[in-house]
file input12.txt (compact mmCIF, C-alpha atoms)
# COMPACT_ATOMS: atom_id res chain seq x y z
CA MET A 13 32.82 -47.05 3.93
CA ALA A 14 30.31 -48.48 1.48
CA ASN A 15 28.38 -45.19 1.19
CA SER A 16 31.11 -42.73 0.43
CA VAL A 17 30.57 -39.25 -0.97
CA VAL A 18 31.76 -40.43 -4.40
CA ASP A 19 29.05 -43.11 -4.54
CA ARG A 20 26.26 -40.70 -3.61
CA HIS A 21 27.18 -37.74 -5.82
CA PRO A 22 26.92 -38.52 -9.57
CA ALA A 23 29.03 -35.54 -10.66
CA ILE A 24 31.96 -36.79 -8.59
CA ALA A 25 31.43 -40.44 -9.49
CA ALA A 26 31.38 -39.88 -13.27
CA PRO A 27 33.66 -37.00 -14.28
CA ASP A 28 33.51 -38.03 -17.95
CA SER A 29 29.98 -37.08 -18.90
CA PRO A 30 28.69 -37.91 -22.37
CA PRO A 31 29.54 -35.36 -25.07
CA ARG A 32 25.88 -34.46 -25.53
CA ASP A 33 25.62 -33.45 -21.86
CA ARG A 34 28.79 -31.34 -22.05
CA ILE A 35 27.53 -29.59 -25.18
CA ARG A 36 24.07 -29.11 -23.68
CA ARG A 37 25.51 -27.57 -20.51
CA LEU A 38 27.71 -25.22 -22.54
CA VAL A 39 24.77 -24.13 -24.70
CA TRP A 40 22.73 -23.36 -21.57
CA LYS A 41 25.60 -21.35 -20.10
CA ILE A 42 25.94 -19.37 -23.32
CA ALA A 43 22.17 -18.72 -23.38
CA ILE A 44 22.16 -17.45 -19.80
CA ALA A 45 25.23 -15.30 -20.43
CA THR A 46 23.53 -13.87 -23.54
CA LEU A 47 20.44 -12.91 -21.53
CA LEU A 48 22.72 -11.26 -18.98
CA LEU A 49 24.52 -9.46 -21.82
CA MET A 50 21.21 -8.11 -23.14
CA ALA A 51 20.20 -6.90 -19.67
CA VAL A 52 23.55 -5.20 -19.04
CA GLY A 53 23.50 -3.77 -22.56
CA SER A 54 20.07 -2.28 -21.90
CA ALA A 55 21.26 -0.75 -18.65
CA THR A 56 24.35 0.58 -20.41
CA ARG A 57 22.22 2.23 -23.07
CA VAL A 58 19.74 3.74 -20.62
CA MET A 59 22.52 5.21 -18.46
CA ASN A 60 24.38 6.65 -21.51
CA ALA A 61 27.41 4.59 -20.55
CA GLY A 62 28.17 3.39 -24.08
CA LEU A 63 31.34 5.45 -24.32
CA ALA A 64 32.35 5.28 -20.66
CA CYS A 65 35.46 3.33 -21.67
CA PRO A 66 37.13 5.44 -24.36
CA ASP A 67 39.57 2.88 -25.76
CA TRP A 68 39.24 -0.72 -26.83
CA PRO A 69 39.99 -3.56 -25.94
CA LEU A 70 41.24 -2.04 -22.68
CA CYS A 71 39.43 0.56 -20.62
CA TYR A 72 41.55 3.59 -19.78
CA GLY A 73 44.60 1.55 -20.74
CA GLN A 74 43.92 -1.11 -18.09
CA LEU A 75 42.24 -4.47 -18.07
CA VAL A 76 40.26 -3.47 -14.96
CA PRO A 77 40.04 0.33 -14.59
CA THR A 78 40.07 0.53 -10.80
CA GLN A 79 40.84 4.26 -10.50
CA GLN A 80 38.12 5.42 -12.92
CA MET A 81 35.52 2.86 -11.82
CA ASN A 82 32.03 4.25 -11.34
CA LEU A 83 28.63 2.84 -12.31
CA GLN A 84 28.85 3.86 -15.97
CA VAL A 85 32.39 2.55 -16.42
CA PHE A 86 31.44 -0.67 -14.63
CA LEU A 87 28.43 -1.24 -16.88
CA GLU A 88 30.44 -0.71 -20.07
CA TRP A 89 33.38 -2.76 -18.78
CA PHE A 90 31.16 -5.64 -17.63
CA HIS A 91 29.26 -5.58 -20.93
CA ARG A 92 32.55 -5.94 -22.80
CA LEU A 93 33.71 -8.71 -20.45
CA ASP A 94 30.49 -10.68 -20.85
CA ALA A 95 30.53 -10.27 -24.64
CA GLY A 96 34.13 -11.49 -24.77
CA LEU A 97 33.32 -14.53 -22.66
CA ILE A 98 30.34 -15.36 -24.88
CA GLY A 99 32.57 -15.11 -27.95
CA LEU A 100 35.18 -17.42 -26.43
CA SER A 101 32.44 -19.82 -25.32
CA ALA A 102 31.01 -19.90 -28.85
CA ILE A 103 34.45 -20.79 -30.22
CA ALA A 104 34.76 -23.47 -27.53
CA LEU A 105 31.29 -24.80 -28.46
CA ALA A 106 32.30 -25.05 -32.12
CA GLY A 107 35.50 -26.86 -31.20
CA LEU A 108 33.75 -29.20 -28.76
CA SER A 109 31.04 -29.98 -31.30
CA TRP A 110 33.63 -30.72 -33.95
CA TRP A 111 35.69 -32.85 -31.56
CA ASP A 112 32.69 -34.92 -30.48
CA ARG A 113 30.92 -34.91 -33.86
CA HIS A 114 30.71 -38.72 -33.95
CA GLU A 115 28.59 -38.67 -30.75
CA LEU A 116 26.09 -36.10 -32.01
CA PRO A 117 22.84 -37.03 -33.78
CA GLY A 118 23.10 -37.84 -37.48
CA TRP A 119 20.46 -35.32 -38.51
CA LEU A 120 22.71 -32.40 -37.56
CA PRO A 121 24.63 -30.88 -40.47
CA PHE A 122 28.34 -31.50 -40.56
call {"tool": "encode", "arguments": {"input": "input12.txt", "output": "structure tokens"}}
result
Amino acid sequence: MANSVVDRHPAIAAPDSPPRDRIRRLVWKIAIATLLLMAVGSATRVMNAGLACPDWPLCYGQLVPTQQMNLQVFLEWFHRLDAGLIGLSAIALAGLSWWDRHELPGWLPF
């Protein structure tokens, strides 16, 4: 039992990663989500799906418009979903950076 799964897998062995690693991972996730947002936004624009969901923040009065779902509605809905998740992630990044500010490099502005 000396070589358990916990000993071999570093993510399981050390659940408390340093604050810099948590912030770095979150920044990478936000960057990838932003690239995805730009790609979906381009597809939304090319397909003239910008007004496929007539109301905001819901789409046809629902969180997920299952009855009206087609490609244009899906593109607009997914674009809104991705943008909302990026916004929440940016707020989480600001909070995490503030919470772990003593662990960040000194050259960063307060």
call {"tool": "residues_near_point", "arguments": {"input": "input12.txt", "point": "(31.1, -21.3, -24.6)", "cutoff": "10 Å", "atoms": "only C-alpha atoms", "output": "list in words"}}
result
Ile35, Arg37, Leu38, Val39, Trp40, Lys41, Ile42, Ala43, Ala45, Leu97, Ile98, Gly99, Leu100, Ser101, Ala102, Ile103, Ala104, Leu105, Ala106, Gly107 and Leu108 of chain A
call {"tool": "write_last_selection", "arguments": {"input": "input12.txt", "atoms": "C-alpha atoms", "output": "tab-separated table (two decimals), keeping the file's coordinate frame"}}
result
chain	number	residue	atom	x	y	z
A	35	ILE	CA	27.53	-29.59	-25.18
A	37	ARG	CA	25.51	-27.57	-20.51
A	38	LEU	CA	27.71	-25.22	-22.54
A	39	VAL	CA	24.77	-24.13	-24.70
A	40	TRP	CA	22.73	-23.36	-21.57
A	41	LYS	CA	25.60	-21.35	-20.10
A	42	ILE	CA	25.94	-19.37	-23.32
A	43	ALA	CA	22.17	-18.72	-23.38
A	45	ALA	CA	25.23	-15.30	-20.43
A	97	LEU	CA	33.32	-14.53	-22.66
A	98	ILE	CA	30.34	-15.36	-24.88
A	99	GLY	CA	32.57	-15.11	-27.95
A	100	LEU	CA	35.18	-17.42	-26.43
A	101	SER	CA	32.44	-19.82	-25.32
A	102	ALA	CA	31.01	-19.90	-28.85
A	103	ILE	CA	34.45	-20.79	-30.22
A	104	ALA	CA	34.76	-23.47	-27.53
A	105	LEU	CA	31.29	-24.80	-28.46
A	106	ALA	CA	32.30	-25.05	-32.12
A	107	GLY	CA	35.50	-26.86	-31.20
A	108	LEU	CA	33.75	-29.20	-28.76
call {"tool": "residues_around", "arguments": {"input": "input12.txt", "residues": "region 88-96 of chain A", "least_positions_apart": "4", "cutoff": "9 Å", "atoms": "all atoms listed in the file", "output": "number ranges by chain"}}
result
A: 45-46, 48-50, 52-53, 56, 61-65, 69-71, 76-77, 83-84, 100-101
call {"tool": "closest_residue", "arguments": {"input": "input12.txt", "among": "A:Trp111, A:Ile44, A:Ala55, A:Arg32", "to": "Val85 (chain A)", "atoms": "all atoms listed in the file"}}
result
A:Ala55
call {"tool": "atom_distance", "arguments": {"input": "input12.txt", "atom1": "CA of Asn60 (chain A)", "atom2": "CA of Gly73 (chain A)"}}
result
20.9 Å
call {"tool": "decode", "arguments": {"input": "input12.txt", "residues": "region 46-65 of chain A", "atoms": "N, CA, C and O atoms", "output": "PDB file, in the first residue's frame"}}
result
ATOM      1  N   THR A  46     -12.273  33.362 -23.541  1.00  0.00           N
ATOM      2  CA  THR A  46     -12.366  34.580 -24.350  1.00  0.00           C
ATOM      3  C   THR A  46     -12.122  34.284 -25.825  1.00  0.00           C
ATOM      4  O   THR A  46     -12.806  34.834 -26.700  1.00  0.00           O
ATOM      5  N   LEU A  47     -11.176  33.409 -26.125  1.00  0.00           N
ATOM      6  CA  LEU A  47     -10.962  33.003 -27.517  1.00  0.00           C
ATOM      7  C   LEU A  47     -12.193  32.286 -28.067  1.00  0.00           C
ATOM      8  O   LEU A  47     -12.597  32.517 -29.214  1.00  0.00           O
ATOM      9  N   LEU A  48     -12.794  31.436 -27.255  1.00  0.00           N
ATOM     10  CA  LEU A  48     -14.028  30.761 -27.656  1.00  0.00           C
ATOM     11  C   LEU A  48     -15.147  31.778 -27.869  1.00  0.00           C
ATOM     12  O   LEU A  48     -15.925  31.670 -28.824  1.00  0.00           O
ATOM     13  N   LEU A  49     -15.225  32.781 -26.999  1.00  0.00           N
ATOM     14  CA  LEU A  49     -16.232  33.830 -27.143  1.00  0.00           C
ATOM     15  C   LEU A  49     -16.057  34.591 -28.456  1.00  0.00           C
ATOM     16  O   LEU A  49     -17.038  34.887 -29.140  1.00  0.00           O
ATOM     17  N   MET A  50     -14.817  34.880 -28.821  1.00  0.00           N
ATOM     18  CA  MET A  50     -14.566  35.587 -30.080  1.00  0.00           C
ATOM     19  C   MET A  50     -14.952  34.719 -31.275  1.00  0.00           C
ATOM     20  O   MET A  50     -15.522  35.221 -32.251  1.00  0.00           O
ATOM     21  N   ALA A  51     -14.669  33.429 -31.205  1.00  0.00           N
ATOM     22  CA  ALA A  51     -15.027  32.532 -32.307  1.00  0.00           C
ATOM     23  C   ALA A  51     -16.541  32.404 -32.444  1.00  0.00           C
ATOM     24  O   ALA A  51     -17.085  32.492 -33.551  1.00  0.00           O
ATOM     25  N   VAL A  52     -17.226  32.227 -31.322  1.00  0.00           N
ATOM     26  CA  VAL A  52     -18.689  32.110 -31.368  1.00  0.00           C
ATOM     27  C   VAL A  52     -19.307  33.441 -31.770  1.00  0.00           C
ATOM     28  O   VAL A  52     -20.296  33.477 -32.509  1.00  0.00           O
ATOM     29  N   GLY A  53     -18.730  34.547 -31.321  1.00  0.00           N
ATOM     30  CA  GLY A  53     -19.219  35.857 -31.722  1.00  0.00           C
ATOM     31  C   GLY A  53     -19.068  36.091 -33.216  1.00  0.00           C
ATOM     32  O   GLY A  53     -19.943  36.676 -33.860  1.00  0.00           O
ATOM     33  N   SER A  54     -17.974  35.620 -33.782  1.00  0.00           N
ATOM     34  CA  SER A  54     -17.780  35.733 -35.231  1.00  0.00           C
ATOM     35  C   SER A  54     -18.812  34.906 -35.984  1.00  0.00           C
ATOM     36  O   SER A  54     -19.396  35.364 -36.974  1.00  0.00           O
ATOM     37  N   ALA A  55     -19.033  33.693 -35.512  1.00  0.00           N
ATOM     38  CA  ALA A  55     -20.038  32.842 -36.154  1.00  0.00           C
ATOM     39  C   ALA A  55     -21.431  33.441 -36.009  1.00  0.00           C
ATOM     40  O   ALA A  55     -22.244  33.386 -36.938  1.00  0.00           O
ATOM     41  N   THR A  56     -21.705  34.042 -34.871  1.00  0.00           N
ATOM     42  CA  THR A  56     -22.999  34.685 -34.648  1.00  0.00           C
ATOM     43  C   THR A  56     -23.190  35.836 -35.612  1.00  0.00           C
ATOM     44  O   THR A  56     -24.267  36.012 -36.185  1.00  0.00           O
ATOM     45  N   ARG A  57     -22.156  36.598 -35.827  1.00  0.00           N
ATOM     46  CA  ARG A  57     -22.242  37.753 -36.735  1.00  0.00           C
ATOM     47  C   ARG A  57     -22.404  37.305 -38.181  1.00  0.00           C
ATOM     48  O   ARG A  57     -23.222  37.842 -38.926  1.00  0.00           O
ATOM     49  N   VAL A  58     -21.654  36.301 -38.591  1.00  0.00           N
ATOM     50  CA  VAL A  58     -21.711  35.829 -39.968  1.00  0.00           C
ATOM     51  C   VAL A  58     -23.082  35.227 -40.295  1.00  0.00           C
ATOM     52  O   VAL A  58     -23.605  35.396 -41.391  1.00  0.00           O
ATOM     53  N   MET A  59     -23.696  34.558 -39.328  1.00  0.00           N
ATOM     54  CA  MET A  59     -24.986  33.903 -39.557  1.00  0.00           C
ATOM     55  C   MET A  59     -26.169  34.831 -39.286  1.00  0.00           C
ATOM     56  O   MET A  59     -27.310  34.375 -39.281  1.00  0.00           O
ATOM     57  N   ASN A  60     -25.916  36.117 -39.039  1.00  0.00           N
ATOM     58  CA  ASN A  60     -26.970  37.092 -38.716  1.00  0.00           C
ATOM     59  C   ASN A  60     -27.843  36.612 -37.568  1.00  0.00           C
ATOM     60  O   ASN A  60     -29.063  36.710 -37.618  1.00  0.00           O
ATOM     61  N   ALA A  61     -27.199  36.075 -36.541  1.00  0.00           N
ATOM     62  CA  ALA A  61     -27.920  35.546 -35.388  1.00  0.00           C
ATOM     63  C   ALA A  61     -27.846  36.495 -34.202  1.00  0.00           C
ATOM     64  O   ALA A  61     -28.160  36.110 -33.084  1.00  0.00           O
ATOM     65  N   GLY A  62     -27.449  37.734 -34.430  1.00  0.00           N
ATOM     66  CA  GLY A  62     -27.277  38.677 -33.328  1.00  0.00           C
ATOM     67  C   GLY A  62     -28.548  38.994 -32.580  1.00  0.00           C
ATOM     68  O   GLY A  62     -28.521  39.307 -31.398  1.00  0.00           O
ATOM     69  N   LEU A  63     -29.681  38.924 -33.244  1.00  0.00           N
ATOM     70  CA  LEU A  63     -30.961  39.190 -32.587  1.00  0.00           C
ATOM     71  C   LEU A  63     -31.838  37.948 -32.566  1.00  0.00           C
ATOM     72  O   LEU A  63     -33.064  38.045 -32.561  1.00  0.00           O
ATOM     73  N   ALA A  64     -31.212  36.771 -32.535  1.00  0.00           N
ATOM     74  CA  ALA A  64     -31.987  35.534 -32.505  1.00  0.00           C
ATOM     75  C   ALA A  64     -32.713  35.347 -31.188  1.00  0.00           C
ATOM     76  O   ALA A  64     -33.748  34.696 -31.133  1.00  0.00           O
ATOM     77  N   CYS A  65     -32.183  35.917 -30.122  1.00  0.00           N
ATOM     78  CA  CYS A  65     -32.857  35.923 -28.820  1.00  0.00           C
ATOM     79  C   CYS A  65     -33.367  37.349 -28.599  1.00  0.00           C
ATOM     80  O   CYS A  65     -32.577  38.262 -28.365  1.00  0.00           O
TER      81      CYS A  65
END
